[in-house]
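Text of the file start20.pdb, holding PDB, C-alpha atoms:
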```
ATOM      1  CA  MET A   1     114.914  73.279 122.056
ATOM      2  CA  ASN A   2     113.279  72.484 125.394
ATOM      3  CA  GLY A   3     112.284  69.080 126.796
ATOM      4  CA  TYR A   4     109.062  70.495 128.208
ATOM      5  CA  VAL A   5     107.876  71.693 124.802
ATOM      6  CA  GLU A   6     108.440  68.299 123.155
ATOM      7  CA  ALA A   7     106.766  66.574 126.124
ATOM      8  CA  GLY A   8     103.706  68.821 125.752
ATOM      9  CA  TYR A   9     103.337  68.094 122.047
ATOM     10  CA  VAL A  10     103.925  64.348 122.494
ATOM     11  CA  VAL A  11     101.352  64.066 125.299
ATOM     12  CA  ILE A  12      98.693  66.000 123.361
ATOM     13  CA  LEU A  13      99.188  64.349 119.977
ATOM     14  CA  GLY A  14      99.736  60.896 121.481
ATOM     15  CA  THR A  15      96.589  61.059 123.619
ATOM     16  CA  LEU A  16      94.404  62.340 120.776
ATOM     17  CA  ALA A  17      95.768  59.702 118.380
ATOM     18  CA  THR A  18      95.203  56.919 120.932
ATOM     19  CA  TYR A  19      91.658  58.102 121.650
ATOM     20  CA  ALA A  20      90.881  58.399 117.926
ATOM     21  CA  VAL A  21      92.193  54.887 117.192
ATOM     22  CA  SER A  22      90.244  53.439 120.134
ATOM     23  CA  LEU A  23      87.026  55.069 118.890
ATOM     24  CA  VAL A  24      87.484  53.698 115.367
ATOM     25  CA  ALA A  25      88.341  50.225 116.739
ATOM     26  CA  ARG A  26      85.266  50.190 119.010
ATOM     27  CA  GLU A  27      83.089  51.415 116.149
ATOM     28  CA  ARG A  28      84.362  48.602 113.901
ATOM     29  CA  ALA A  29      83.838  46.008 116.628
ATOM     30  CA  VAL A  30      80.227  47.075 117.269
ATOM     31  CA  ARG A  31      79.528  47.289 113.552
ATOM     32  CA  ARG A  32      80.872  43.755 113.127
ATOM     33  CA  ARG A  33      78.696  42.474 115.986
ATOM     34  CA  VAL A  34      75.612  44.252 114.644
ATOM     35  CA  GLY A  35      76.415  42.823 111.214
ATOM     36  CA  ALA A  36      76.765  39.315 112.661
ATOM     37  CA  GLU A  37      73.455  39.588 114.530
ATOM     38  CA  SER A  38      71.729  40.968 111.454
ATOM     39  CA  GLY A  39      73.313  38.216 109.386
ATOM     40  CA  LYS A  40      71.510  35.639 111.512
ATOM     41  CA  ASP A  41      68.282  37.229 110.378
ATOM     42  CA  GLY A  42      69.339  37.407 106.774
ATOM     43  CA  ALA A  43      69.922  41.162 106.703
ATOM     44  CA  HIS A  44      72.947  42.819 105.105
ATOM     45  CA  VAL A  45      75.232  45.129 107.023
ATOM     46  CA  ALA A  46      78.421  46.774 105.837
ATOM     47  CA  GLY A  47      81.457  45.031 107.242
ATOM     48  CA  GLY A  48      83.943  47.754 108.056
ATOM     49  CA  LEU A  49      84.681  51.415 108.426
ATOM     50  CA  GLY A  50      84.543  53.236 105.156
ATOM     51  CA  ALA A  51      82.408  50.628 103.491
ATOM     52  CA  THR A  52      79.032  51.649 102.124
ATOM     53  CA  PRO A  53      76.340  50.534 104.533
ATOM     54  CA  PRO A  54      72.637  50.454 103.788
ATOM     55  CA  ALA A  55      70.712  53.598 104.777
ATOM     56  CA  VAL A  56      68.637  51.780 107.349
ATOM     57  CA  ASP A  57      69.301  48.346 108.715
ATOM     58  CA  ASP A  58      66.668  47.252 111.123
ATOM     59  CA  PRO A  59      67.216  43.636 112.148
ATOM     60  CA  GLY A  60      63.843  43.583 113.854
ATOM     61  CA  THR A  61      61.958  43.912 110.611
ATOM     62  CA  SER A  62      64.064  41.537 108.569
ATOM     63  CA  THR A  63      63.009  38.270 110.176
TER      64      THR A  63
ATOM     65  CA  MET B   1      59.649  62.913 121.377
ATOM     66  CA  SER B   2      61.393  61.598 118.299
ATOM     67  CA  THR B   3      61.694  57.842 118.741
ATOM     68  CA  SER B   4      63.280  57.010 115.396
ATOM     69  CA  LYS B   5      65.370  53.893 115.646
ATOM     70  CA  PRO B   6      69.141  54.279 115.317
ATOM     71  CA  SER B   7      70.408  53.338 111.893
ATOM     72  CA  MET B   8      73.713  52.587 110.200
ATOM     73  CA  PRO B   9      75.425  55.765 108.910
ATOM     74  CA  SER B  10      74.902  56.632 105.261
ATOM     75  CA  SER B  11      77.822  56.372 102.820
ATOM     76  CA  ARG B  12      77.731  60.174 102.416
ATOM     77  CA  ALA B  13      78.230  60.623 106.170
ATOM     78  CA  VAL B  14      81.157  58.171 106.121
ATOM     79  CA  VAL B  15      82.832  60.045 103.231
ATOM     80  CA  ALA B  16      82.269  63.413 104.963
ATOM     81  CA  THR B  17      83.865  62.093 108.167
ATOM     82  CA  GLN B  18      86.838  60.755 106.213
ATOM     83  CA  ALA B  19      87.321  64.149 104.490
ATOM     84  CA  LEU B  20      87.084  65.853 107.867
ATOM     85  CA  GLY B  21      89.709  63.464 109.252
ATOM     86  CA  VAL B  22      92.117  64.315 106.423
ATOM     87  CA  ALA B  23      91.548  68.065 106.986
ATOM     88  CA  ALA B  24      92.108  67.648 110.734
ATOM     89  CA  ILE B  25      95.356  65.696 110.321
ATOM     90  CA  THR B  26      96.673  68.176 107.716
ATOM     91  CA  THR B  27      95.963  71.261 109.836
ATOM     92  CA  VAL B  28      97.356  69.657 113.001
ATOM     93  CA  ALA B  29     100.541  68.698 111.112
ATOM     94  CA  ALA B  30     100.839  72.293 109.812
ATOM     95  CA  THR B  31     100.342  73.656 113.339
ATOM     96  CA  VAL B  32     103.057  71.374 114.726
ATOM     97  CA  TRP B  33     105.474  72.317 111.922
ATOM     98  CA  LEU B  34     104.820  76.052 112.289
ATOM     99  CA  GLY B  35     104.846  75.839 116.080
ATOM    100  CA  LEU B  36     108.068  73.857 116.451
ATOM    101  CA  VAL B  37     110.065  74.945 113.380
ATOM    102  CA  VAL B  38     108.915  78.193 111.754
ATOM    103  CA  THR B  39     107.844  80.539 114.573
ATOM    104  CA  PRO B  40     110.543  82.344 116.564
ATOM    105  CA  PRO B  41     111.186  81.925 120.299
ATOM    106  CA  ASP B  42     109.633  84.535 122.575
ATOM    107  CA  GLU B  43     111.675  87.392 124.032
ATOM    108  CA  PHE B  44     110.755  86.453 127.607
ATOM    109  CA  MET B  45     109.584  82.814 127.525
ATOM    110  CA  GLY B  46     112.056  81.532 124.937
ATOM    111  CA  ASN B  47     111.063  78.217 123.353
ATOM    112  CA  LEU B  48     108.397  77.578 125.990
ATOM    113  CA  VAL B  49     106.139  79.913 124.009
ATOM    114  CA  ARG B  50     105.702  77.056 121.521
ATOM    115  CA  LEU B  51     103.250  75.483 123.979
ATOM    116  CA  LEU B  52     101.016  78.492 123.268
ATOM    117  CA  TYR B  53     100.039  76.936 119.932
ATOM    118  CA  VAL B  54      98.546  73.831 121.562
ATOM    119  CA  HIS B  55      97.590  74.656 125.169
ATOM    120  CA  PRO B  56      94.945  77.414 124.620
ATOM    121  CA  PRO B  57      93.334  75.470 121.719
ATOM    122  CA  MET B  58      92.904  72.495 124.125
ATOM    123  CA  ALA B  59      91.038  74.755 126.578
ATOM    124  CA  TRP B  60      88.966  76.347 123.783
ATOM    125  CA  VAL B  61      87.873  72.952 122.446
ATOM    126  CA  ALA B  62      86.960  71.797 125.967
ATOM    127  CA  PHE B  63      84.733  74.873 126.387
ATOM    128  CA  LEU B  64      83.227  74.325 122.931
ATOM    129  CA  ALA B  65      82.551  70.665 123.718
ATOM    130  CA  TYR B  66      80.791  71.501 126.972
ATOM    131  CA  GLY B  67      78.833  74.278 125.249
ATOM    132  CA  VAL B  68      77.599  71.839 122.597
ATOM    133  CA  SER B  69      76.804  69.287 125.301
ATOM    134  CA  ALA B  70      74.826  71.855 127.324
ATOM    135  CA  LEU B  71      72.917  73.047 124.237
ATOM    136  CA  ALA B  72      72.081  69.486 123.206
ATOM    137  CA  SER B  73      70.972  68.722 126.774
ATOM    138  CA  LEU B  74      68.755  71.795 126.783
ATOM    139  CA  LEU B  75      67.211  70.734 123.464
ATOM    140  CA  TYR B  76      66.606  67.268 124.887
ATOM    141  CA  LEU B  77      64.900  68.667 127.977
ATOM    142  CA  TRP B  78      62.716  71.018 125.925
ATOM    143  CA  PRO B  79      59.591  68.939 125.115
ATOM    144  CA  ARG B  80      59.193  70.333 121.578
ATOM    145  CA  THR B  81      62.734  69.437 120.528
ATOM    146  CA  ARG B  82      63.212  66.274 122.601
ATOM    147  CA  ALA B  83      64.955  63.641 120.488
ATOM    148  CA  GLU B  84      67.328  60.760 121.141
ATOM    149  CA  HIS B  85      70.018  62.220 118.894
ATOM    150  CA  PHE B  86      70.385  65.253 121.208
ATOM    151  CA  ASP B  87      71.089  62.913 124.114
ATOM    152  CA  ARG B  88      73.713  61.058 122.026
ATOM    153  CA  LEU B  89      75.297  64.338 120.918
ATOM    154  CA  ALA B  90      75.448  65.630 124.517
ATOM    155  CA  GLY B  91      77.190  62.446 125.658
ATOM    156  CA  ALA B  92      79.603  62.317 122.715
ATOM    157  CA  SER B  93      80.597  65.969 123.028
ATOM    158  CA  ALA B  94      81.078  65.751 126.799
ATOM    159  CA  GLU B  95      83.326  62.681 126.500
ATOM    160  CA  VAL B  96      85.532  64.434 123.930
ATOM    161  CA  GLY B  97      85.461  67.524 126.176
ATOM    162  CA  VAL B  98      86.799  65.479 129.091
ATOM    163  CA  VAL B  99      89.724  64.310 126.925
ATOM    164  CA  PHE B 100      90.528  67.921 125.965
ATOM    165  CA  THR B 101      90.155  69.141 129.566
ATOM    166  CA  GLY B 102      92.584  66.452 130.700
ATOM    167  CA  LEU B 103      95.014  67.587 127.988
ATOM    168  CA  THR B 104      94.540  71.230 129.051
ATOM    169  CA  LEU B 105      95.499  70.305 132.612
ATOM    170  CA  VAL B 106      98.480  68.158 131.592
ATOM    171  CA  SER B 107      99.874  70.599 129.002
ATOM    172  CA  GLY B 108      99.380  73.462 131.476
ATOM    173  CA  SER B 109     101.222  71.483 134.114
ATOM    174  CA  ILE B 110     104.100  70.822 131.700
ATOM    175  CA  TRP B 111     104.231  74.552 130.929
ATOM    176  CA  GLY B 112     103.903  75.511 134.605
ATOM    177  CA  ARG B 113     106.882  73.460 135.812
ATOM    178  CA  PRO B 114     109.609  75.534 134.080
ATOM    179  CA  THR B 115     107.611  78.800 134.336
ATOM    180  CA  TRP B 116     106.324  78.721 137.926
ATOM    181  CA  GLY B 117     108.693  76.068 139.319
ATOM    182  CA  ALA B 118     105.818  73.691 140.178
ATOM    183  CA  TRP B 119     103.816  71.050 138.331
ATOM    184  CA  TRP B 120     100.653  72.162 140.105
ATOM    185  CA  VAL B 121      99.516  75.195 142.123
ATOM    186  CA  TRP B 122      96.093  75.733 143.671
ATOM    187  CA  ASP B 123      95.496  78.716 141.430
ATOM    188  CA  PRO B 124      91.812  79.679 140.817
ATOM    189  CA  LEU B 125      92.006  78.885 137.095
ATOM    190  CA  LEU B 126      93.718  75.537 137.608
ATOM    191  CA  THR B 127      91.440  74.582 140.490
ATOM    192  CA  THR B 128      88.201  75.437 138.670
ATOM    193  CA  THR B 129      89.490  73.600 135.563
ATOM    194  CA  ALA B 130      90.244  70.517 137.671
ATOM    195  CA  LEU B 131      86.734  70.819 139.124
ATOM    196  CA  LEU B 132      85.335  71.009 135.576
ATOM    197  CA  PHE B 133      87.197  67.794 134.708
ATOM    198  CA  VAL B 134      85.762  66.009 137.763
ATOM    199  CA  LEU B 135      82.229  67.368 137.154
ATOM    200  CA  TYR B 136      82.154  65.996 133.609
ATOM    201  CA  LEU B 137      83.676  62.680 134.703
ATOM    202  CA  GLY B 138      80.685  62.542 137.066
ATOM    203  CA  TYR B 139      78.377  63.356 134.156
ATOM    204  CA  LEU B 140      79.828  60.469 132.131
ATOM    205  CA  ALA B 141      79.360  58.199 135.170
ATOM    206  CA  VAL B 142      75.706  59.298 135.473
ATOM    207  CA  ARG B 143      75.172  58.429 131.815
ATOM    208  CA  ARG B 144      76.290  54.871 132.561
ATOM    209  CA  VAL B 145      73.809  54.348 135.402
ATOM    210  CA  PRO B 146      71.435  51.674 134.090
ATOM    211  CA  GLY B 147      67.782  52.500 133.661
ATOM    212  CA  GLU B 148      65.019  53.295 131.247
ATOM    213  CA  PHE B 149      66.293  55.419 128.344
ATOM    214  CA  GLN B 150      64.169  58.536 128.857
ATOM    215  CA  ALA B 151      64.757  58.725 132.609
ATOM    216  CA  ARG B 152      68.501  58.257 132.136
ATOM    217  CA  ALA B 153      68.655  60.848 129.342
ATOM    218  CA  ARG B 154      66.658  63.410 131.333
ATOM    219  CA  ARG B 155      68.811  62.893 134.436
ATOM    220  CA  SER B 156      72.000  63.196 132.342
ATOM    221  CA  ALA B 157      70.786  66.388 130.659
ATOM    222  CA  ILE B 158      70.138  68.042 134.026
ATOM    223  CA  VAL B 159      73.602  67.039 135.274
ATOM    224  CA  ALA B 160      75.178  68.427 132.072
ATOM    225  CA  LEU B 161      73.499  71.802 132.603
ATOM    226  CA  VAL B 162      74.593  71.914 136.255
ATOM    227  CA  ALA B 163      78.187  71.035 135.301
ATOM    228  CA  PHE B 164      78.215  73.715 132.588
ATOM    229  CA  VAL B 165      77.858  76.431 135.262
ATOM    230  CA  ASP B 166      81.577  75.942 135.966
ATOM    231  CA  VAL B 167      82.608  76.868 132.381
ATOM    232  CA  PRO B 168      82.129  80.671 132.698
ATOM    233  CA  ILE B 169      83.632  80.494 136.187
ATOM    234  CA  VAL B 170      86.795  78.916 134.718
ATOM    235  CA  TYR B 171      86.987  81.536 131.956
ATOM    236  CA  LEU B 172      86.450  84.511 134.248
ATOM    237  CA  SER B 173      88.490  83.211 137.206
ATOM    238  CA  VAL B 174      91.627  85.043 136.013
ATOM    239  CA  GLU B 175      89.653  88.299 136.083
ATOM    240  CA  TRP B 176      87.777  87.670 139.335
ATOM    241  CA  TRP B 177      90.650  86.490 141.522
ATOM    242  CA  ARG B 178      94.342  87.266 141.808
ATOM    243  CA  SER B 179      95.719  84.488 139.696
ATOM    244  CA  LEU B 180      99.169  83.131 138.969
ATOM    245  CA  HIS B 181      97.907  82.156 135.534
ATOM    246  CA  GLN B 182      98.110  84.967 133.014
ATOM    247  CA  ALA B 183      95.010  86.748 131.706
ATOM    248  CA  PRO B 184      93.829  86.092 128.110
ATOM    249  CA  THR B 185      96.863  86.469 125.842
ATOM    250  CA  VAL B 186      95.353  86.732 122.378
ATOM    251  CA  LEU B 187      92.823  89.483 123.060
ATOM    252  CA  ASN B 188      92.413  91.047 126.473
ATOM    253  CA  PRO B 189      88.655  91.672 126.940
ATOM    254  CA  THR B 190      89.334  94.664 129.210
ATOM    255  CA  THR B 191      92.045  96.508 127.297
ATOM    256  CA  HIS B 192      91.184  95.080 123.824
ATOM    257  CA  LYS B 193      94.924  94.762 123.192
ATOM    258  CA  THR B 194      96.423  91.827 121.307
ATOM    259  CA  TYR B 195      99.683  90.396 122.586
ATOM    260  CA  VAL B 196     100.444  87.945 119.781
ATOM    261  CA  HIS B 197     101.526  89.117 116.331
ATOM    262  CA  GLY B 198     102.836  87.907 112.971
ATOM    263  CA  SER B 199     103.617  84.226 112.420
ATOM    264  CA  MET B 200     102.896  83.492 116.078
ATOM    265  CA  ALA B 201      99.348  84.842 115.741
ATOM    266  CA  TRP B 202      98.674  82.878 112.529
ATOM    267  CA  THR B 203     100.048  79.678 114.029
ATOM    268  CA  LEU B 204      97.891  80.117 117.115
ATOM    269  CA  LEU B 205      94.845  80.753 114.919
ATOM    270  CA  LEU B 206      95.635  77.640 112.879
ATOM    271  CA  GLY B 207      95.961  75.694 116.141
ATOM    272  CA  PHE B 208      92.426  76.719 117.124
ATOM    273  CA  VAL B 209      91.085  75.674 113.695
ATOM    274  CA  ALA B 210      93.048  72.388 113.649
ATOM    275  CA  PHE B 211      91.941  71.167 117.062
ATOM    276  CA  THR B 212      88.355  72.288 116.417
ATOM    277  CA  LEU B 213      88.393  70.030 113.330
ATOM    278  CA  VAL B 214      89.818  67.220 115.471
ATOM    279  CA  TYR B 215      86.980  67.802 117.954
ATOM    280  CA  ILE B 216      84.317  67.595 115.223
ATOM    281  CA  TRP B 217      85.880  64.404 113.841
ATOM    282  CA  LEU B 218      86.055  62.785 117.278
ATOM    283  CA  VAL B 219      82.462  63.754 118.127
ATOM    284  CA  ALA B 220      81.260  62.388 114.770
ATOM    285  CA  HIS B 221      82.876  59.024 115.525
ATOM    286  CA  ARG B 222      81.785  58.979 119.178
ATOM    287  CA  TYR B 223      78.219  59.813 118.102
ATOM    288  CA  ARG B 224      78.275  57.059 115.485
ATOM    289  CA  LEU B 225      79.598  54.603 118.061
ATOM    290  CA  ALA B 226      76.745  55.506 120.428
ATOM    291  CA  GLU B 227      74.265  55.085 117.582
ATOM    292  CA  LEU B 228      75.677  51.653 116.726
ATOM    293  CA  GLN B 229      75.591  50.615 120.387
ATOM    294  CA  ASP B 230      71.912  51.645 120.543
ATOM    295  CA  LEU B 231      71.294  49.698 117.339
ATOM    296  CA  GLU B 232      73.021  46.667 118.887
ATOM    297  CA  ASP B 233      70.926  46.956 122.060
ATOM    298  CA  THR B 234      67.720  47.279 120.009
ATOM    299  CA  ALA B 235      68.691  44.284 117.856
ATOM    300  CA  GLY B 236      69.490  42.191 120.937
ATOM    301  CA  LEU B 237      66.207  43.121 122.584
ATOM    302  CA  GLU B 238      64.154  42.376 119.482
ATOM    303  CA  MET B 239      65.894  39.027 119.012
ATOM    304  CA  ALA B 240      65.178  38.122 122.637
ATOM    305  CA  LEU B 241      61.528  39.100 122.168
ATOM    306  CA  ALA B 242      61.304  37.073 118.950
ATOM    307  CA  GLU B 243      62.762  34.027 120.761
ATOM    308  CA  ARG B 244      60.238  34.441 123.555
ATOM    309  CA  ARG B 245      57.410  34.677 121.020
ATOM    310  CA  SER B 246      58.556  31.544 119.179
ATOM    311  CA  GLU B 247      58.854  29.709 122.538
ATOM    312  CA  GLY B 248      55.311  30.787 123.386
ATOM    313  CA  MET B 249      53.961  29.515 120.058
ATOM    314  CA  ALA B 250      55.809  26.154 120.310
TER     315      ALA B 250
END
```
Can the structure in the file be given as structure tokens, please?
Amino acid sequence: MNGYVEAGYVVILGTLATYAVSLVARERAVRRRVGAESGKDGAHVAGGLGATPPAVDDPGTST
Amino acid sequence: MSTSKPSMPSSRAVVATQALGVAAITTVAATVWLGLVVTPPDEFMGNLVRLLYVHPPMAWVAFLAYGVSALASLLYLWPRTRAEHFDRLAGASAEVGVVFTGLTLVSGSIWGRPTWGAWWVWDPLLTTTALLFVLYLGYLAVRRVPGEFQARARRSAIVALVAFVDVPIVYLSVEWWRSLHQAPTVLNPTTHKTYVHGSMAWTLLLGFVAFTLVYIWLVAHRYRLAELQDLEDTAGLEMALAERRSEGMA
């Protein structure tokens, strides 16, 4: 084929995959921190991505 | 203004995002397979035509992302519809748009090197696209300027609307100026002629659908991340206030 074509596909798919993974990782990290903070107050927060979280989790009202 | 506190996403939203992710990955995989294996090489461009199935969809998604960001910004600025979620959506969509604009520039550069003999030329379309990239990087920087939420959101919304002015300029630049970059390939707005047919047309169409799904998935996650960050900030603030109150009572 052509090296330029493969390079184009690799750059596009690689960048999108990296960005997607970084978003999911950041989301998990924040969710974990929010869960830990809520845990101090006795509230329950879903631990990870894909888990079933409560509809509303307001740490301010759970003290 | 709607001042509802950010909340954790519902299980239905999480399942919907997961289904969207599966659909996005499947359609992207099909586009790559059709683009690299099934479709024939072009009579004039040869195998380089295979970049057609990914490069225009990158530009389309960038335009879509900025359109959504501008609309959400407008809805935030309008007093009757002002709500925090429009500000979050504007920010999320613009960030994803910047990623797709960067990919438009890079994939165009990779295509330009064997076609034009240069990685970069100061062509009107390329230059206005680079300007678009810089404008929205500036928008993302403005969003990070610390300050009171409403003032920051209002300032960001105005910047988003100003930056969006460049979108039609980018699209019409190939018509307005003598450009090295070719005019719209799929459907020429002037002649109404289509230049792509058969399996090439279907693969290109699938590419547009696939990367639009990827865009929606990325925005959903970026929005959720922003919501969680707001929730974290609110929780931190309320804990600090509670500590202060308990100190005051002690």
Test item: the PyMOL selection byres ((chain B and resi 34) around 12) resolved as a list in words:
Thr27, Val28, Ala29, Ala30, Thr31, Val32, Trp33, Gly35, Leu36, Val37, Val38, Thr39, Pro40, Pro41, Arg50, Leu51, Leu52, Tyr53, Val54, Ser199, Met200, Ala201, Trp202, Thr203, Leu204, Leu205, Leu206 and Gly207 of chain B
What would the file look like if the residues just selected were written as a PDB file, keeping the file's coordinate frame with C-alpha atoms?
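Saved the output as result.pdb:
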```
ATOM      1  CA  THR B  27      95.963  71.261 109.836  1.00  0.00           C
ATOM      2  CA  VAL B  28      97.356  69.657 113.001  1.00  0.00           C
ATOM      3  CA  ALA B  29     100.541  68.698 111.112  1.00  0.00           C
ATOM      4  CA  ALA B  30     100.839  72.293 109.812  1.00  0.00           C
ATOM      5  CA  THR B  31     100.342  73.656 113.339  1.00  0.00           C
ATOM      6  CA  VAL B  32     103.057  71.374 114.726  1.00  0.00           C
ATOM      7  CA  TRP B  33     105.474  72.317 111.922  1.00  0.00           C
ATOM      8  CA  GLY B  35     104.846  75.839 116.080  1.00  0.00           C
ATOM      9  CA  LEU B  36     108.068  73.857 116.451  1.00  0.00           C
ATOM     10  CA  VAL B  37     110.065  74.945 113.380  1.00  0.00           C
ATOM     11  CA  VAL B  38     108.915  78.193 111.754  1.00  0.00           C
ATOM     12  CA  THR B  39     107.844  80.539 114.573  1.00  0.00           C
ATOM     13  CA  PRO B  40     110.543  82.344 116.564  1.00  0.00           C
ATOM     14  CA  PRO B  41     111.186  81.925 120.299  1.00  0.00           C
ATOM     15  CA  ARG B  50     105.702  77.056 121.521  1.00  0.00           C
ATOM     16  CA  LEU B  51     103.250  75.483 123.979  1.00  0.00           C
ATOM     17  CA  LEU B  52     101.016  78.492 123.268  1.00  0.00           C
ATOM     18  CA  TYR B  53     100.039  76.936 119.932  1.00  0.00           C
ATOM     19  CA  VAL B  54      98.546  73.831 121.562  1.00  0.00           C
ATOM     20  CA  SER B 199     103.617  84.226 112.420  1.00  0.00           C
ATOM     21  CA  MET B 200     102.896  83.492 116.078  1.00  0.00           C
ATOM     22  CA  ALA B 201      99.348  84.842 115.741  1.00  0.00           C
ATOM     23  CA  TRP B 202      98.674  82.878 112.529  1.00  0.00           C
ATOM     24  CA  THR B 203     100.048  79.678 114.029  1.00  0.00           C
ATOM     25  CA  LEU B 204      97.891  80.117 117.115  1.00  0.00           C
ATOM     26  CA  LEU B 205      94.845  80.753 114.919  1.00  0.00           C
ATOM     27  CA  LEU B 206      95.635  77.640 112.879  1.00  0.00           C
ATOM     28  CA  GLY B 207      95.961  75.694 116.141  1.00  0.00           C
TER      29      GLY B 207
END
```
Considering only C-alpha atoms, can you say which of B:Leu218, B:Leu172, B:Leu231, B:Ala226 comes closest to A:Ser22?
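Looking only at the distances to A:Ser22, the closest residue turns out to be B:Leu218.
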Which residues are near A:Val34? Cut-off 8 Å, only C-alpha atoms, ignore same chain within fewer than 5 positions. Put them as a PyMOL selection string.
(chain A and resi 45) or (chain B and resi 228+231-232+235)
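Picture a line from atom CA of B:Ala210 to atom CA of B:Ala23; it runs 8.1 Å.
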Work out how far atom CA of B:Arg222 is from atom CA of A:Val24, in Å to one decimal.
8.7 Å
